[in-house]
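Worksheet: one structure, shown below.
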Amino acid sequence: MEKAKIDNDYILEVKNLKKYYPVSRFSISKNRAYVKAVDDISFKIKRGTTMGLVGESGCGKTTAGRSILRLHDITGGQVVFDGKDLSKISPGKLRRMRPQMQMIFQDPYSSLSPRMPVGEIIGEAVREHRIVPKSQYRSYILKVMRDCGLQPQYFYRYPHEFSGGQRQRISIARAVALNPKFIVCDEPLSALDVSIQAQIINLMKDLQEQYGYTYLFISHDLSVVEYISDTIGVMYLGSMMEMGDKKRIFENPMHPYTKALLSAVPISDPDVKMNRIILSGDIPSPVNPPSGCKFRTRCQSCMEVCARKVPKLKEYEEGHMVACHLYSQD
Amino acid sequence: MGLLNIFKRKKIEGIDNTMYLTLRDERRISKENNKIIKYYERMKARKNVPEEEYLTQMRDPNNVVEFENLHTYFFTDVGTVKSVNGVSFDVPQGKIVGIVGESGCGKSVTSLSLMQLVQAPTGQIVEGSIRYKANDGKCYEITKVPRDKMLKIRGKDISMIFQEPMTSLNPVFRIGEQMDEVVLLHEDGMTPESAKKRSIEMLRLVGIAMPEKIYSKYPHELSGGMRQRVMIAMALSCNPRLIIADEPTTALDVTIQAQILELLREIKEKINGSIMLITHDLGVIAEMADLVVVMYAGRIIEKGTVREIFHSPKHPYTIGLMKSKPSGKTTDDRLFSIKGQVPNPINMPDHCYFYNRCDRAMEVCLGEYPKLIQFSPTHFAACYLYDESRLSGDDLAKE
Ligand SMILES: Nc1ncnc2c1ncn2[C@@H]1O[C@H](COP(=O)(O)OP(=O)(O)OP(=O)(O)O)[C@@H](O)[C@H]1O
Ligand SMILES: Nc1ncnc2c1ncn2[C@@H]1O[C@H](COP(=O)(O)OP(=O)(O)O)[C@@H](O)[C@H]1O
Ligand code: SF4
Ligand code: SF4
Ligand SMILES: [Mg+2]
Ligand SMILES: [Mg+2]
């Protein structure tokens, strides 16, 4: 077994990750067609930092998150978590590592079992994985609840009695109770009101400071991503288009798609009028993505070479990678 | 409305402050509700109502719609939900009025009231008036317009665009059929051919590249952004003067949202109409609206021009909202956040509804609900912080 190189600085290393879904069996063509939901992406996340993953609906963000956690099989590539290659370890060992990698979902309504009281929702896996000795179980759960802004008397209440924001706190508490190192947050705010979003963002930041969590924060709200992330990845049709430090991406976006995405965000100031880049058309079907650069059908700078060659993701300044023919590919 | 006072006197004791009801309570409420509901339903179902009964005058001829002290309640089995609880604002001709607020604060119910589309029989307009100036120059008191007449006004003069276009398009009919139907229903002297021509023209107007092709597709064959365009095309096909857009871009990606907002703005110029734009996204409001109405728990807590609201917000809730949205400029480690949550809509307090979350609450705030204080000809907020007649010396000093 090739020993995955341990780089302690990085808690997660994703190499050439691929996840293809077969298109329905009733397809006419003989060659089996695939939705390339995640098509060869690579990135690393430093311990204790947050990486934001942005892109339009259907571009593969959720699939990437689920693949990293091995919530389903992957088609190809490698996920190295804390020095261990997840595709090579045994199912039993993977199960034992589960508590270290958690996920928080978009919809706080459907992700909590309606038949369990809050204490049990948070505590079930804690018992299963024996996170704390039995004698300390109850005080431990209550401490987690307090950390997440839930009052102790909620212990026996059921999820339907809570508002969206409180339910999201419960799902955060459920993840946090397992003492994880890494949490994938899949649009944890998009079902919540603005005033509640701020409460949840603060909670996530506080927990990170206190316990040193690493987050992969999936969102299509760029202002939230800018606020919470240290690094950012921009995905389009399963591929990484641009990646780098938050500052670099926001101050000097290089990829035409990133530029369009940033310019599309409405600004909360009536006197600022943006010079908006309006992308025409919709995102193409991922079953049959455009040849060469996948973004070329909507790109205003499209050139002849863009249809022929897939642009490589290359580093143009320190910690800033772009995949576009506008920049030298050698 | 004299009738409301009868109901007020009969205010159901014991309900307003308890969370858990006995079965007996529920039956009693349900009986009371039925009586109330029946009355309103009878009023709406009347036939051959003389026009004088529902024609009225606008307060200001430049307005298309005037809401005045609107109350829309839902008479549910667990109690009365006062979804819209005394809302007044105007929609001037040619302007975009943005309505913001948390989910459940009554934005949709306000706009549905104008269309007489509040879910009956539990939902009823119980007080107040909605004056609407139609294309033909007549002014209607919407709260009194009988159902048969309302059918004509709705769709022709007022059009609505919803958040999730899939729920308002019928999945079993082709786009074209549905669009033609709207035109044929509302325009006199239209033939099927001319209706088709109009539909295709509208599809082209909203930037659909191959309108003939889309015309013969089914809704599920289109993407979310395309469906929203179709909805807008449909809404425009009868030359409405007023478009109500209820969270038109909430289900869409930012890039598609930018397309749709651009489109709405263009369209507004073209038809010289007005738009009521409902959203919870402050950015969308800042970009689109001329006037802003901020709602909280069924009431307007602040209204003004877009500049007044964004540059000098007065109400602590509006101020909190502005601060809690991260922006590129946010440098603090923590975001400002409004603590707590909206009170239960069935047990609204007697005092300021924002009291439990307000970081500037004072003793006077526990008095009656604060009045709207005027700051400029257009800017109002309902908060004791600015009510000089009610403030004691100490409170003023804090200011
Ligand atoms: N179980 C599945 N079977 C087949 N295709 C799938 C499956 N799950 C996802 N896909 C497809 O993979 C692509 C990426 O989906 P994914 O859910 O990762 O997108 P996303 O970026 O999270 O989008 P959103 O912002 O809407 O959540 C989409 O085209 C989707 O239709
Ligand atoms: N059909 C209904 N029956 C009972 N209550 C309703 C109904 N529709 C809306 N409500 C209530 O009315 C209030 C306002 O709802 P709505 O106007 O839809 O809010 P929003 O501001 O999010 O558009 C909420 O408390 C909601 O629960
Ligand atoms: S590679 Fe070509 S088509 Fe793709 S983003 Fe760059 S310029 Fe546009
Ligand atoms: S009236 Fe009092 S409690 Fe209400 S918003 Fe103003 S200061 Fe806060
Ligand atoms: Mg997703
Ligand atoms: Mg609504």
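Please note that chains go A, B, ... in the order of the structure tokens, that every chain numbers its residues from 1, and that ligands are numbered from 1 in the order shown.
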
Nearby residues, ligand 1, 10 Å, only C-alpha atoms and all ligand atoms, as a tab-separated table (two decimals) with N, CA, C and O atoms, in the first residue's frame:
chain	number	residue	atom	x	y	z
A	19	LYS	N	-17.24	11.70	-9.57
A	19	LYS	CA	-18.44	10.96	-9.25
A	19	LYS	C	-19.38	11.08	-10.45
A	19	LYS	O	-19.86	12.16	-10.78
A	20	TYR	N	-19.60	9.93	-11.13
A	20	TYR	CA	-20.51	9.92	-12.27
A	20	TYR	C	-21.76	9.15	-11.90
A	20	TYR	O	-21.69	8.10	-11.28
A	21	TYR	N	-22.90	9.68	-12.31
A	21	TYR	CA	-24.16	8.94	-12.14
A	21	TYR	C	-24.59	8.44	-13.51
A	21	TYR	O	-24.63	9.22	-14.44
A	22	PRO	N	-24.91	7.14	-13.63
A	22	PRO	CA	-25.40	6.67	-14.93
A	22	PRO	C	-26.76	7.29	-15.23
A	22	PRO	O	-27.60	7.41	-14.36
A	23	VAL	N	-26.94	7.70	-16.47
A	23	VAL	CA	-28.25	8.21	-16.89
A	23	VAL	C	-29.16	7.01	-17.07
A	23	VAL	O	-28.70	5.92	-17.37
A	24	SER	N	-30.46	7.20	-16.96
A	24	SER	CA	-31.40	6.08	-16.88
A	24	SER	C	-31.15	4.99	-17.92
A	24	SER	O	-30.70	5.26	-19.02
A	34	TYR	N	-23.39	9.30	-18.88
A	34	TYR	CA	-23.22	9.59	-17.45
A	34	TYR	C	-23.44	11.07	-17.17
A	34	TYR	O	-23.08	11.91	-18.00
A	35	VAL	N	-24.01	11.35	-16.01
A	35	VAL	CA	-23.99	12.71	-15.49
A	35	VAL	C	-22.68	12.84	-14.75
A	35	VAL	O	-22.47	12.15	-13.75
A	36	LYS	N	-21.81	13.70	-15.26
A	36	LYS	CA	-20.54	13.87	-14.56
A	36	LYS	C	-20.73	14.94	-13.49
A	36	LYS	O	-20.37	16.09	-13.68
A	37	ALA	N	-21.33	14.51	-12.37
A	37	ALA	CA	-21.70	15.46	-11.33
A	37	ALA	C	-20.47	16.12	-10.73
A	37	ALA	O	-20.44	17.31	-10.48
A	38	VAL	N	-19.43	15.31	-10.50
A	38	VAL	CA	-18.13	15.86	-10.08
A	38	VAL	C	-17.11	15.27	-11.02
A	38	VAL	O	-17.00	14.06	-11.14
A	53	LEU	N	-17.44	26.63	-1.04
A	53	LEU	CA	-17.60	26.03	-2.36
A	53	LEU	C	-18.84	26.67	-2.97
A	53	LEU	O	-19.94	26.56	-2.43
A	54	VAL	N	-18.65	27.39	-4.08
A	54	VAL	CA	-19.79	28.09	-4.68
A	54	VAL	C	-20.00	27.67	-6.13
A	54	VAL	O	-19.11	27.10	-6.76
A	55	GLY	N	-21.18	27.95	-6.63
A	55	GLY	CA	-21.51	27.64	-8.01
A	55	GLY	C	-23.01	27.52	-8.15
A	55	GLY	O	-23.73	27.46	-7.16
A	56	GLU	N	-23.47	27.48	-9.40
A	56	GLU	CA	-24.92	27.43	-9.64
A	56	GLU	C	-25.50	26.09	-9.24
A	56	GLU	O	-24.79	25.08	-9.14
A	57	SER	N	-26.81	26.08	-9.11
A	57	SER	CA	-27.52	24.86	-8.76
A	57	SER	C	-27.18	23.75	-9.74
A	57	SER	O	-27.13	23.97	-10.95
A	58	GLY	N	-26.93	22.56	-9.23
A	58	GLY	CA	-26.65	21.42	-10.10
A	58	GLY	C	-25.20	21.31	-10.54
A	58	GLY	O	-24.86	20.43	-11.32
A	59	CYS	N	-24.32	22.18	-10.04
A	59	CYS	CA	-22.94	22.13	-10.53
A	59	CYS	C	-22.13	21.09	-9.79
A	59	CYS	O	-20.97	20.87	-10.10
A	60	GLY	N	-22.70	20.43	-8.79
A	60	GLY	CA	-22.01	19.32	-8.16
A	60	GLY	C	-21.47	19.58	-6.77
A	60	GLY	O	-20.68	18.79	-6.25
A	61	LYS	N	-21.92	20.64	-6.13
A	61	LYS	CA	-21.40	20.98	-4.82
A	61	LYS	C	-21.77	19.92	-3.78
A	61	LYS	O	-20.91	19.41	-3.06
A	62	THR	N	-23.07	19.59	-3.72
A	62	THR	CA	-23.52	18.60	-2.75
A	62	THR	C	-22.86	17.25	-3.02
A	62	THR	O	-22.40	16.57	-2.09
A	63	THR	N	-22.79	16.87	-4.29
A	63	THR	CA	-22.18	15.60	-4.64
A	63	THR	C	-20.73	15.57	-4.19
A	63	THR	O	-20.26	14.55	-3.66
A	64	ALA	N	-20.01	16.68	-4.35
A	64	ALA	CA	-18.62	16.74	-3.91
A	64	ALA	C	-18.56	16.51	-2.40
A	64	ALA	O	-17.76	15.70	-1.91
A	65	GLY	N	-19.42	17.20	-1.66
A	65	GLY	CA	-19.43	17.08	-0.21
A	65	GLY	C	-19.71	15.65	0.23
A	65	GLY	O	-19.03	15.10	1.09
A	66	ARG	N	-20.70	15.03	-0.38
A	66	ARG	CA	-21.06	13.66	-0.01
A	66	ARG	C	-19.98	12.67	-0.39
A	66	ARG	O	-19.76	11.69	0.31
A	67	SER	N	-19.31	12.93	-1.52
A	67	SER	CA	-18.24	12.02	-1.94
A	67	SER	C	-17.08	12.07	-0.97
A	67	SER	O	-16.48	11.04	-0.65
A	72	HIS	N	-21.42	8.07	-0.30
A	72	HIS	CA	-21.68	7.14	-1.39
A	72	HIS	C	-20.36	6.81	-2.04
A	72	HIS	O	-19.34	7.45	-1.78
A	106	GLN	N	-29.01	21.34	4.32
A	106	GLN	CA	-29.72	22.56	3.96
A	106	GLN	C	-31.05	22.68	4.67
A	106	GLN	O	-31.40	23.72	5.19
A	186	ASP	N	-23.78	21.94	4.07
A	186	ASP	CA	-24.39	22.08	2.75
A	186	ASP	C	-25.53	23.08	2.80
A	186	ASP	O	-26.63	22.77	3.21
A	187	GLU	N	-25.26	24.30	2.40
A	187	GLU	CA	-26.24	25.40	2.41
A	187	GLU	C	-27.01	25.46	3.73
A	187	GLU	O	-28.24	25.42	3.74
A	218	ILE	N	-20.67	24.93	1.78
A	218	ILE	CA	-21.28	24.99	0.46
A	218	ILE	C	-22.39	26.01	0.45
A	218	ILE	O	-23.25	26.00	1.32
A	219	SER	N	-22.38	26.91	-0.52
A	219	SER	CA	-23.42	27.93	-0.53
A	219	SER	C	-23.48	28.60	-1.88
A	219	SER	O	-22.52	28.59	-2.64
A	220	HIS	N	-24.63	29.17	-2.20
A	220	HIS	CA	-24.63	29.99	-3.40
A	220	HIS	C	-24.74	31.47	-3.02
A	220	HIS	O	-24.79	32.32	-3.88
A	235	MET	N	-17.14	26.27	-8.63
A	235	MET	CA	-17.41	25.12	-9.49
A	235	MET	C	-18.39	25.47	-10.59
A	235	MET	O	-19.28	26.29	-10.42
A	236	TYR	N	-18.22	24.81	-11.73
A	236	TYR	CA	-19.17	24.95	-12.83
A	236	TYR	C	-19.27	23.60	-13.53
A	236	TYR	O	-18.24	23.05	-13.94
A	237	LEU	N	-20.43	23.05	-13.62
A	237	LEU	CA	-20.66	21.77	-14.29
A	237	LEU	C	-19.68	20.69	-13.86
A	237	LEU	O	-19.12	19.99	-14.70
A	238	GLY	N	-19.46	20.57	-12.57
A	238	GLY	CA	-18.63	19.48	-12.08
A	238	GLY	C	-17.14	19.76	-12.05
A	238	GLY	O	-16.38	18.93	-11.56
A	283	ILE	N	-27.43	27.08	-17.39
A	283	ILE	CA	-26.33	26.14	-17.28
A	283	ILE	C	-26.67	24.91	-18.16
A	283	ILE	O	-27.78	24.42	-18.13
A	284	PRO	N	-25.73	24.46	-19.02
A	284	PRO	CA	-26.05	23.33	-19.92
A	284	PRO	C	-26.22	22.02	-19.13
A	284	PRO	O	-25.81	21.93	-17.97
A	285	SER	N	-26.81	21.03	-19.78
A	285	SER	CA	-27.02	19.75	-19.10
A	285	SER	C	-25.67	19.07	-18.82
A	285	SER	O	-24.81	19.01	-19.69
A	286	PRO	N	-25.50	18.55	-17.62
A	286	PRO	CA	-24.22	17.92	-17.29
A	286	PRO	C	-24.04	16.56	-17.98
A	286	PRO	O	-22.96	15.99	-17.94
A	287	VAL	N	-25.09	16.05	-18.62
A	287	VAL	CA	-24.95	14.78	-19.34
A	287	VAL	C	-24.08	14.99	-20.57
A	287	VAL	O	-23.28	14.14	-20.95
B	251	ALA	N	-36.07	31.12	-5.75
B	251	ALA	CA	-35.71	29.74	-6.06
B	251	ALA	C	-34.62	29.67	-7.13
B	251	ALA	O	-34.28	28.59	-7.58
B	252	LEU	N	-34.08	30.81	-7.53
B	252	LEU	CA	-33.15	30.80	-8.67
B	252	LEU	C	-31.72	31.10	-8.24
B	252	LEU	O	-31.48	31.70	-7.20
B	253	ASP	N	-30.77	30.72	-9.09
B	253	ASP	CA	-29.37	31.06	-8.86
B	253	ASP	C	-29.12	32.55	-9.05
B	253	ASP	O	-29.85	33.20	-9.78

Taking only C-alpha atoms into account, produce a table as a tab-separated table in which each residue of chain A with an atom at most 6 Å from an atom of chain B appears once, together with its shortest atom pair and the distance in Å to one decimal, ordered by chain and rising number.
residue	atom	partner	partner_atom	distance
A:Glu56	CA	B:Asp253	CA	5.8
A:Asp193	CA	B:Glu102	CA	5.8
A:Ser195	CA	B:Ile338	CA	5.7
A:Ala198	CA	B:Ser337	CA	5.1
A:Gln199	CA	B:Ser337	CA	5.5
A:Asn202	CA	B:Arg334	CA	5.9
A:Ser223	CA	B:Ser327	CA	5.6
A:Ala264	CA	B:Thr255	CA	5.6
A:Pro266	CA	B:Gly283	CA	4.6
A:Ile267	CA	B:Gly283	CA	4.7
A:Ser268	CA	B:Gly283	CA	4.1
A:Asp269	CA	B:Ala286	CA	5.6
A:Pro270	CA	B:Ala286	CA	4.6

Once you have the residues from the selection above, write them out as a PDB file, in the first residue's frame, restricted to all heavy atoms.
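To be explicit, this is the file written out as out-v4.pdb:
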ATOM      1  N   GLU A  56     -23.469  27.478  -9.401  1.00  0.00           N
ATOM      2  CA  GLU A  56     -24.915  27.435  -9.637  1.00  0.00           C
ATOM      3  C   GLU A  56     -25.498  26.088  -9.243  1.00  0.00           C
ATOM      4  O   GLU A  56     -24.785  25.083  -9.141  1.00  0.00           O
ATOM      5  CB  GLU A  56     -25.199  27.712 -11.106  1.00  0.00           C
ATOM      6  CG  GLU A  56     -25.142  29.184 -11.448  1.00  0.00           C
ATOM      7  CD  GLU A  56     -25.170  29.418 -12.940  1.00  0.00           C
ATOM      8  OE1 GLU A  56     -24.100  29.308 -13.563  1.00  0.00           O
ATOM      9  OE2 GLU A  56     -26.238  29.700 -13.473  1.00  0.00           O
ATOM     10  N   ASP A 193     -34.279  32.881   7.622  1.00  0.00           N
ATOM     11  CA  ASP A 193     -34.404  34.322   7.434  1.00  0.00           C
ATOM     12  C   ASP A 193     -33.097  35.033   7.722  1.00  0.00           C
ATOM     13  O   ASP A 193     -32.267  34.533   8.484  1.00  0.00           O
ATOM     14  CB  ASP A 193     -35.459  34.867   8.401  1.00  0.00           C
ATOM     15  CG  ASP A 193     -36.834  34.717   7.822  1.00  0.00           C
ATOM     16  OD1 ASP A 193     -37.017  35.109   6.670  1.00  0.00           O
ATOM     17  OD2 ASP A 193     -37.710  34.190   8.516  1.00  0.00           O
ATOM     18  N   SER A 195     -32.267  37.513   9.620  1.00  0.00           N
ATOM     19  CA  SER A 195     -31.895  37.778  11.012  1.00  0.00           C
ATOM     20  C   SER A 195     -31.466  36.493  11.721  1.00  0.00           C
ATOM     21  O   SER A 195     -30.641  36.521  12.618  1.00  0.00           O
ATOM     22  CB  SER A 195     -33.048  38.454  11.764  1.00  0.00           C
ATOM     23  OG  SER A 195     -34.056  37.534  12.097  1.00  0.00           O
ATOM     24  N   ALA A 198     -27.732  35.286  10.569  1.00  0.00           N
ATOM     25  CA  ALA A 198     -26.613  35.886  11.293  1.00  0.00           C
ATOM     26  C   ALA A 198     -26.358  35.136  12.597  1.00  0.00           C
ATOM     27  O   ALA A 198     -25.201  34.906  12.971  1.00  0.00           O
ATOM     28  CB  ALA A 198     -26.894  37.358  11.562  1.00  0.00           C
ATOM     29  N   GLN A 199     -27.419  34.717  13.286  1.00  0.00           N
ATOM     30  CA  GLN A 199     -27.234  33.958  14.530  1.00  0.00           C
ATOM     31  C   GLN A 199     -26.475  32.660  14.264  1.00  0.00           C
ATOM     32  O   GLN A 199     -25.569  32.291  14.998  1.00  0.00           O
ATOM     33  CB  GLN A 199     -28.595  33.595  15.152  1.00  0.00           C
ATOM     34  CG  GLN A 199     -29.416  34.787  15.617  1.00  0.00           C
ATOM     35  CD  GLN A 199     -30.795  34.371  16.130  1.00  0.00           C
ATOM     36  OE1 GLN A 199     -31.124  33.184  16.150  1.00  0.00           O
ATOM     37  NE2 GLN A 199     -31.593  35.331  16.544  1.00  0.00           N
ATOM     38  N   ASN A 202     -22.751  33.187  13.340  1.00  0.00           N
ATOM     39  CA  ASN A 202     -21.959  33.473  14.543  1.00  0.00           C
ATOM     40  C   ASN A 202     -21.707  32.207  15.348  1.00  0.00           C
ATOM     41  O   ASN A 202     -20.601  31.981  15.834  1.00  0.00           O
ATOM     42  CB  ASN A 202     -22.675  34.500  15.414  1.00  0.00           C
ATOM     43  CG  ASN A 202     -22.539  35.899  14.855  1.00  0.00           C
ATOM     44  OD1 ASN A 202     -21.622  36.167  14.070  1.00  0.00           O
ATOM     45  ND2 ASN A 202     -23.427  36.778  15.234  1.00  0.00           N
ATOM     46  N   SER A 223     -22.064  36.520  -0.442  1.00  0.00           N
ATOM     47  CA  SER A 223     -21.690  37.429   0.640  1.00  0.00           C
ATOM     48  C   SER A 223     -21.431  36.637   1.917  1.00  0.00           C
ATOM     49  O   SER A 223     -20.544  36.977   2.691  1.00  0.00           O
ATOM     50  CB  SER A 223     -22.766  38.499   0.853  1.00  0.00           C
ATOM     51  OG  SER A 223     -24.038  37.916   0.971  1.00  0.00           O
ATOM     52  N   ALA A 264     -23.144  39.384 -10.159  1.00  0.00           N
ATOM     53  CA  ALA A 264     -24.587  39.132 -10.113  1.00  0.00           C
ATOM     54  C   ALA A 264     -25.168  39.340  -8.720  1.00  0.00           C
ATOM     55  O   ALA A 264     -26.371  39.432  -8.560  1.00  0.00           O
ATOM     56  CB  ALA A 264     -24.888  37.713 -10.577  1.00  0.00           C
ATOM     57  N   PRO A 266     -26.687  40.998  -5.738  1.00  0.00           N
ATOM     58  CA  PRO A 266     -27.271  42.316  -5.500  1.00  0.00           C
ATOM     59  C   PRO A 266     -26.604  42.977  -4.301  1.00  0.00           C
ATOM     60  O   PRO A 266     -26.280  42.312  -3.325  1.00  0.00           O
ATOM     61  CB  PRO A 266     -28.739  42.015  -5.186  1.00  0.00           C
ATOM     62  CG  PRO A 266     -28.957  40.586  -5.460  1.00  0.00           C
ATOM     63  CD  PRO A 266     -27.630  39.915  -5.445  1.00  0.00           C
ATOM     64  N   ILE A 267     -26.390  44.277  -4.385  1.00  0.00           N
ATOM     65  CA  ILE A 267     -25.693  44.989  -3.315  1.00  0.00           C
ATOM     66  C   ILE A 267     -26.692  45.791  -2.497  1.00  0.00           C
ATOM     67  O   ILE A 267     -27.537  46.485  -3.045  1.00  0.00           O
ATOM     68  CB  ILE A 267     -24.644  45.927  -3.919  1.00  0.00           C
ATOM     69  CG1 ILE A 267     -23.632  45.068  -4.681  1.00  0.00           C
ATOM     70  CG2 ILE A 267     -23.963  46.741  -2.840  1.00  0.00           C
ATOM     71  CD1 ILE A 267     -22.541  45.843  -5.285  1.00  0.00           C
ATOM     72  N   SER A 268     -26.557  45.684  -1.175  1.00  0.00           N
ATOM     73  CA  SER A 268     -27.511  46.358  -0.295  1.00  0.00           C
ATOM     74  C   SER A 268     -27.211  47.836  -0.166  1.00  0.00           C
ATOM     75  O   SER A 268     -27.106  48.353   0.942  1.00  0.00           O
ATOM     76  CB  SER A 268     -27.485  45.714   1.087  1.00  0.00           C
ATOM     77  OG  SER A 268     -27.883  44.385   0.987  1.00  0.00           O
ATOM     78  N   ASP A 269     -27.035  48.525  -1.265  1.00  0.00           N
ATOM     79  CA  ASP A 269     -26.862  49.964  -1.205  1.00  0.00           C
ATOM     80  C   ASP A 269     -27.446  50.561  -2.474  1.00  0.00           C
ATOM     81  O   ASP A 269     -26.932  50.321  -3.560  1.00  0.00           O
ATOM     82  CB  ASP A 269     -25.378  50.315  -1.092  1.00  0.00           C
ATOM     83  CG  ASP A 269     -25.174  51.798  -0.882  1.00  0.00           C
ATOM     84  OD1 ASP A 269     -26.096  52.585  -1.210  1.00  0.00           O
ATOM     85  OD2 ASP A 269     -24.110  52.200  -0.392  1.00  0.00           O
ATOM     86  N   PRO A 270     -28.536  51.319  -2.317  1.00  0.00           N
ATOM     87  CA  PRO A 270     -29.224  51.805  -3.518  1.00  0.00           C
ATOM     88  C   PRO A 270     -28.367  52.741  -4.360  1.00  0.00           C
ATOM     89  O   PRO A 270     -28.663  52.959  -5.523  1.00  0.00           O
ATOM     90  CB  PRO A 270     -30.455  52.535  -2.950  1.00  0.00           C
ATOM     91  CG  PRO A 270     -30.196  52.734  -1.499  1.00  0.00           C
ATOM     92  CD  PRO A 270     -29.228  51.696  -1.082  1.00  0.00           C
TER      93      PRO A 270
END

Worksheet item: Within 9 Å of ligand 3, counting only C-alpha atoms and all ligand atoms: which residues, as JSON, numbers by chain?
Response: {"A": [241, 255, 256, 257, 292, 293, 294, 295, 296, 297, 298, 299, 300, 301, 302, 303, 304, 305, 306, 307, 309, 310, 311, 323, 324, 325, 326, 327]}

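Proximity to A:Ser42 was assessed for A:Val79, A:Ala175, A:Met204, A:Tyr10 counting only C-alpha atoms; the smallest distance is recorded for A:Val79.
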
Taking a cut-off of 10 Å and counting only C-alpha atoms and all ligand atoms, can you build a table that, for each residue of chain B near ligand 4, reports the nearest atom pair and how far apart they are in Å (one decimal), sorted by chain then residue number, as JSON lines?
{"residue": "B:Ile301", "atom": "CA", "partner": "ligand 4", "partner_atom_place_in_ligand_line": "5 (S)", "distance": 8.3}
{"residue": "B:Lys314", "atom": "CA", "partner": "ligand 4", "partner_atom_place_in_ligand_line": "6 (Fe)", "distance": 9.1}
{"residue": "B:His315", "atom": "CA", "partner": "ligand 4", "partner_atom_place_in_ligand_line": "5 (S)", "distance": 5.9}
{"residue": "B:Pro316", "atom": "CA", "partner": "ligand 4", "partner_atom_place_in_ligand_line": "5 (S)", "distance": 5.3}
{"residue": "B:Tyr317", "atom": "CA", "partner": "ligand 4", "partner_atom_place_in_ligand_line": "5 (S)", "distance": 6.6}
{"residue": "B:Thr318", "atom": "CA", "partner": "ligand 4", "partner_atom_place_in_ligand_line": "5 (S)", "distance": 9.4}
{"residue": "B:His351", "atom": "CA", "partner": "ligand 4", "partner_atom_place_in_ligand_line": "4 (Fe)", "distance": 7.8}
{"residue": "B:Cys352", "atom": "CA", "partner": "ligand 4", "partner_atom_place_in_ligand_line": "4 (Fe)", "distance": 4.6}
{"residue": "B:Tyr353", "atom": "CA", "partner": "ligand 4", "partner_atom_place_in_ligand_line": "4 (Fe)", "distance": 6.7}
{"residue": "B:Phe354", "atom": "CA", "partner": "ligand 4", "partner_atom_place_in_ligand_line": "4 (Fe)", "distance": 5.1}
{"residue": "B:Tyr355", "atom": "CA", "partner": "ligand 4", "partner_atom_place_in_ligand_line": "3 (S)", "distance": 3.7}
{"residue": "B:Asn356", "atom": "CA", "partner": "ligand 4", "partner_atom_place_in_ligand_line": "3 (S)", "distance": 7.2}
{"residue": "B:Arg357", "atom": "CA", "partner": "ligand 4", "partner_atom_place_in_ligand_line": "3 (S)", "distance": 7.7}
{"residue": "B:Cys358", "atom": "CA", "partner": "ligand 4", "partner_atom_place_in_ligand_line": "8 (Fe)", "distance": 4.6}
{"residue": "B:Asp359", "atom": "CA", "partner": "ligand 4", "partner_atom_place_in_ligand_line": "8 (Fe)", "distance": 6.7}
{"residue": "B:Arg360", "atom": "CA", "partner": "ligand 4", "partner_atom_place_in_ligand_line": "7 (S)", "distance": 4.9}
{"residue": "B:Ala361", "atom": "CA", "partner": "ligand 4", "partner_atom_place_in_ligand_line": "3 (S)", "distance": 4.0}
{"residue": "B:Met362", "atom": "CA", "partner": "ligand 4", "partner_atom_place_in_ligand_line": "2 (Fe)", "distance": 5.7}
{"residue": "B:Glu363", "atom": "CA", "partner": "ligand 4", "partner_atom_place_in_ligand_line": "2 (Fe)", "distance": 7.9}
{"residue": "B:Val364", "atom": "CA", "partner": "ligand 4", "partner_atom_place_in_ligand_line": "2 (Fe)", "distance": 7.2}
{"residue": "B:Cys365", "atom": "CA", "partner": "ligand 4", "partner_atom_place_in_ligand_line": "2 (Fe)", "distance": 4.3}
{"residue": "B:Leu366", "atom": "CA", "partner": "ligand 4", "partner_atom_place_in_ligand_line": "3 (S)", "distance": 7.5}
{"residue": "B:Gly367", "atom": "CA", "partner": "ligand 4", "partner_atom_place_in_ligand_line": "1 (S)", "distance": 9.0}
{"residue": "B:Glu368", "atom": "CA", "partner": "ligand 4", "partner_atom_place_in_ligand_line": "1 (S)", "distance": 9.4}
{"residue": "B:Tyr369", "atom": "CA", "partner": "ligand 4", "partner_atom_place_in_ligand_line": "1 (S)", "distance": 7.6}
{"residue": "B:Pro370", "atom": "CA", "partner": "ligand 4", "partner_atom_place_in_ligand_line": "1 (S)", "distance": 5.8}
{"residue": "B:Lys371", "atom": "CA", "partner": "ligand 4", "partner_atom_place_in_ligand_line": "1 (S)", "distance": 8.9}
{"residue": "B:Ala381", "atom": "CA", "partner": "ligand 4", "partner_atom_place_in_ligand_line": "6 (Fe)", "distance": 8.9}
{"residue": "B:Ala382", "atom": "CA", "partner": "ligand 4", "partner_atom_place_in_ligand_line": "1 (S)", "distance": 6.8}
{"residue": "B:Cys383", "atom": "CA", "partner": "ligand 4", "partner_atom_place_in_ligand_line": "6 (Fe)", "distance": 3.7}
{"residue": "B:Tyr384", "atom": "CA", "partner": "ligand 4", "partner_atom_place_in_ligand_line": "1 (S)", "distance": 4.3}
{"residue": "B:Leu385", "atom": "CA", "partner": "ligand 4", "partner_atom_place_in_ligand_line": "7 (S)", "distance": 5.2}
{"residue": "B:Tyr386", "atom": "CA", "partner": "ligand 4", "partner_atom_place_in_ligand_line": "6 (Fe)", "distance": 8.1}
{"residue": "B:Asp387", "atom": "CA", "partner": "ligand 4", "partner_atom_place_in_ligand_line": "1 (S)", "distance": 9.0}
